[in-house]
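Read the structure below first, then the notes.
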Amino acid sequence: MERPYDQSWHWQAIDPSRNIARNYQLWVATDLFGWTTVERRWGRIGTKGKGATASFENRGDAEMAARRIRLRRRSSLRRIGIGYHELD
């Protein structure tokens with residue numbers, strides 16, 4: 001069994017002039033059964049928002065899914081006209 005894994009990211013896109021206030025969070029972690037989960041939550045800042053979780057038996061597949069999500073956040077400037085900035 002692989003070592004437990006835990007990593008997270010948090011982004012926001014804010015443009016008051018266009019009423020844009022988006023929040024996006026991503027977590028990759030090993031669960032109690034040894035599977036790697038990719039959990040994400042998104043929505044307007046200050047709301048409950050929506051979420052989705054995917055489980056992967058192989059950590060490499062989970063990391064690839066997380067990488068695709070992170071690349072999608074980088075393309076927000078082209079898609080919505082404002083870039084996400086990463087929070088600590």
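Every chain in the structure tokens has a letter given in the order shown (A, B, ...), and although residue numbers restart at 1 in each chain, ligands are simply numbered from 1 in the order shown.
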Problem set entry | Within 10 Å of segment 26-39 of chain A using only C-alpha atoms, minus same-chain residues under 6 positions, as a PyMOL selection string | chain A and resi 1-11+51-63+65-66+69-70
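Every protein or nucleic acid residue with an atom no more than 9 Å from Arg44 of chain A, counting only C-alpha atoms and leaving out same-chain residues fewer than 5 positions away, appears here: Ile20, Ala21, Arg22, Asn23, Tyr24 and Gly49 of chain A.
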Give one line per residue of segment 4-54 of chain A that approaches segment 73-83 of chain A to at most 8 Å, naming the two atoms of the closest pair and their distance in Å to one decimal, counting only C-alpha atoms; sort by chain then ascending residue number and deliver it as JSON lines.
{"residue": "A:Ala13", "atom": "CA", "partner": "A:Gly83", "partner_atom": "CA", "distance": 6.0}
{"residue": "A:Ile14", "atom": "CA", "partner": "A:Ile82", "partner_atom": "CA", "distance": 7.6}
{"residue": "A:Asp15", "atom": "CA", "partner": "A:Ile82", "partner_atom": "CA", "distance": 7.3}
Expected file contents, prior selection, C-alpha atoms, as a PDB file, in the first residue's frame:
ATOM      1  CA  ALA A  13     -12.033  34.761  -9.476  1.00  0.00           C
ATOM      2  CA  ILE A  14     -13.413  38.173  -8.506  1.00  0.00           C
ATOM      3  CA  ASP A  15     -14.530  41.050 -10.731  1.00  0.00           C
TER       4      ASP A  15
END
For this session: as a PyMOL selection string, list the residues of chain A assigned to strand (DSSP E) by DSSP on the backbone atoms of this structure.
Result: chain A and resi 6-15+20-30+36-44+50-56+85-86
Next, dump the selected residues to file, keeping only N, CA and C atoms, as an mmCIF file, in the first residue's frame.
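Contents of selection.cif, freshly written:
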data_model
loop_
_atom_site.group_PDB
_atom_site.id
_atom_site.type_symbol
_atom_site.label_atom_id
_atom_site.label_comp_id
_atom_site.auth_asym_id
_atom_site.auth_seq_id
_atom_site.Cartn_x
_atom_site.Cartn_y
_atom_site.Cartn_z
ATOM 1 N N ASP A 6 -2.073 13.701 0.668
ATOM 2 C CA ASP A 6 -3.015 14.776 0.971
ATOM 3 C C ASP A 6 -2.496 16.072 0.364
ATOM 4 N N GLN A 7 -3.276 16.656 -0.548
ATOM 5 C CA GLN A 7 -2.899 17.910 -1.172
ATOM 6 C C GLN A 7 -4.177 18.677 -1.515
ATOM 7 N N SER A 8 -4.105 20.010 -1.447
ATOM 8 C CA SER A 8 -5.296 20.795 -1.754
ATOM 9 C C SER A 8 -4.922 22.105 -2.453
ATOM 10 N N TRP A 9 -5.895 22.664 -3.164
ATOM 11 C CA TRP A 9 -5.759 23.940 -3.854
ATOM 12 C C TRP A 9 -7.041 24.732 -3.640
ATOM 13 N N HIS A 10 -6.937 26.057 -3.676
ATOM 14 C CA HIS A 10 -8.092 26.931 -3.507
ATOM 15 C C HIS A 10 -7.894 28.150 -4.411
ATOM 16 N N TRP A 11 -8.883 28.405 -5.276
ATOM 17 C CA TRP A 11 -8.810 29.523 -6.196
ATOM 18 C C TRP A 11 -10.055 30.394 -6.084
ATOM 19 N N GLN A 12 -9.902 31.670 -6.448
ATOM 20 C CA GLN A 12 -11.039 32.575 -6.541
ATOM 21 C C GLN A 12 -10.866 33.471 -7.765
ATOM 22 N N ALA A 13 -11.993 33.805 -8.363
ATOM 23 C CA ALA A 13 -12.033 34.761 -9.476
ATOM 24 C C ALA A 13 -13.032 35.838 -9.082
ATOM 25 N N ILE A 14 -12.561 37.079 -8.970
ATOM 26 C CA ILE A 14 -13.413 38.173 -8.506
ATOM 27 C C ILE A 14 -13.297 39.358 -9.456
ATOM 28 N N ASP A 15 -14.451 39.835 -9.921
ATOM 29 C CA ASP A 15 -14.530 41.050 -10.731
ATOM 30 C C ASP A 15 -15.844 41.750 -10.381
ATOM 31 N N ILE A 20 -18.792 39.054 -10.829
ATOM 32 C CA ILE A 20 -18.204 37.717 -10.800
ATOM 33 C C ILE A 20 -17.525 37.525 -9.451
ATOM 34 N N ALA A 21 -17.903 36.463 -8.762
ATOM 35 C CA ALA A 21 -17.295 36.119 -7.476
ATOM 36 C C ALA A 21 -17.313 34.595 -7.365
ATOM 37 N N ARG A 22 -16.350 33.948 -7.990
ATOM 38 C CA ARG A 22 -16.318 32.491 -8.059
ATOM 39 C C ARG A 22 -15.273 31.908 -7.107
ATOM 40 N N ASN A 23 -15.616 30.756 -6.571
ATOM 41 C CA ASN A 23 -14.751 30.044 -5.645
ATOM 42 C C ASN A 23 -14.585 28.615 -6.152
ATOM 43 N N TYR A 24 -13.386 28.060 -6.055
ATOM 44 C CA TYR A 24 -13.133 26.691 -6.500
ATOM 45 C C TYR A 24 -12.103 26.060 -5.566
ATOM 46 N N GLN A 25 -12.423 24.880 -5.036
ATOM 47 C CA GLN A 25 -11.509 24.163 -4.160
ATOM 48 C C GLN A 25 -11.327 22.746 -4.677
ATOM 49 N N LEU A 26 -10.117 22.227 -4.512
ATOM 50 C CA LEU A 26 -9.771 20.896 -4.991
ATOM 51 C C LEU A 26 -8.925 20.203 -3.940
ATOM 52 N N TRP A 27 -9.291 18.964 -3.596
ATOM 53 C CA TRP A 27 -8.531 18.159 -2.642
ATOM 54 C C TRP A 27 -8.226 16.806 -3.264
ATOM 55 N N VAL A 28 -7.004 16.330 -3.067
ATOM 56 C CA VAL A 28 -6.619 14.975 -3.456
ATOM 57 C C VAL A 28 -6.090 14.322 -2.188
ATOM 58 N N ALA A 29 -6.692 13.196 -1.799
ATOM 59 C CA ALA A 29 -6.302 12.558 -0.540
ATOM 60 C C ALA A 29 -6.518 11.055 -0.619
ATOM 61 N N THR A 30 -5.819 10.326 0.222
ATOM 62 C CA THR A 30 -5.990 8.882 0.341
ATOM 63 C C THR A 30 -7.052 8.618 1.393
ATOM 64 N N THR A 36 -7.440 6.715 -3.728
ATOM 65 C CA THR A 36 -7.157 8.149 -3.774
ATOM 66 C C THR A 36 -8.410 8.853 -4.276
ATOM 67 N N THR A 37 -8.873 9.844 -3.521
ATOM 68 C CA THR A 37 -10.079 10.568 -3.898
ATOM 69 C C THR A 37 -9.716 11.972 -4.391
ATOM 70 N N VAL A 38 -10.476 12.431 -5.364
ATOM 71 C CA VAL A 38 -10.362 13.790 -5.880
ATOM 72 C C VAL A 38 -11.707 14.445 -5.595
ATOM 73 N N GLU A 39 -11.700 15.405 -4.678
ATOM 74 C CA GLU A 39 -12.928 16.105 -4.303
ATOM 75 C C GLU A 39 -12.814 17.557 -4.739
ATOM 76 N N ARG A 40 -13.894 18.077 -5.301
ATOM 77 C CA ARG A 40 -13.888 19.472 -5.712
ATOM 78 C C ARG A 40 -15.212 20.118 -5.342
ATOM 79 N N ARG A 41 -15.135 21.391 -5.011
ATOM 80 C CA ARG A 41 -16.304 22.199 -4.675
ATOM 81 C C ARG A 41 -16.178 23.524 -5.413
ATOM 82 N N TRP A 42 -17.299 23.997 -5.947
ATOM 83 C CA TRP A 42 -17.266 25.237 -6.698
ATOM 84 C C TRP A 42 -18.590 25.974 -6.519
ATOM 85 N N GLY A 43 -18.548 27.262 -6.784
ATOM 86 C CA GLY A 43 -19.762 28.064 -6.707
ATOM 87 C C GLY A 43 -19.437 29.522 -6.443
ATOM 88 N N ARG A 44 -20.475 30.279 -6.226
ATOM 89 C CA ARG A 44 -20.316 31.694 -5.935
ATOM 90 C C ARG A 44 -19.781 31.844 -4.513
ATOM 91 N N LYS A 50 -21.622 23.733 -5.215
ATOM 92 C CA LYS A 50 -21.815 22.348 -5.641
ATOM 93 C C LYS A 50 -20.513 21.599 -5.453
ATOM 94 N N GLY A 51 -20.565 20.291 -5.567
ATOM 95 C CA GLY A 51 -19.359 19.513 -5.406
ATOM 96 C C GLY A 51 -19.441 18.168 -6.096
ATOM 97 N N ALA A 52 -18.295 17.533 -6.227
ATOM 98 C CA ALA A 52 -18.201 16.205 -6.826
ATOM 99 C C ALA A 52 -16.973 15.513 -6.255
ATOM 100 N N THR A 53 -17.076 14.196 -6.109
ATOM 101 C CA THR A 53 -15.963 13.395 -5.613
ATOM 102 C C THR A 53 -15.787 12.195 -6.528
ATOM 103 N N ALA A 54 -14.554 11.890 -6.854
ATOM 104 C CA ALA A 54 -14.220 10.706 -7.653
ATOM 105 C C ALA A 54 -13.150 9.929 -6.909
ATOM 106 N N SER A 55 -13.257 8.602 -6.915
ATOM 107 C CA SER A 55 -12.273 7.741 -6.252
ATOM 108 C C SER A 55 -11.501 6.956 -7.296
ATOM 109 N N PHE A 56 -10.195 6.813 -7.058
ATOM 110 C CA PHE A 56 -9.328 6.106 -7.992
ATOM 111 C C PHE A 56 -8.509 5.073 -7.232
ATOM 112 N N HIS A 85 -7.158 33.389 -9.110
ATOM 113 C CA HIS A 85 -5.904 33.528 -8.379
ATOM 114 C C HIS A 85 -5.929 32.513 -7.225
ATOM 115 N N GLU A 86 -4.773 31.936 -6.958
ATOM 116 C CA GLU A 86 -4.678 30.891 -5.947
ATOM 117 C C GLU A 86 -4.544 31.512 -4.555
#
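Running DSSP on the backbone gives helix (DSSP H, G or I) for these residues within chain A: Pro16, Ser17, Arg18, Arg59, Gly60, Asp61, Ala62, Glu63, Met64, Ala65, Ala66, Arg67, Arg68, Ile69, Arg70, Leu71, Arg72, Arg73, Arg74, Ser76, Leu77, Arg78, Arg79 and Ile80 of chain A.
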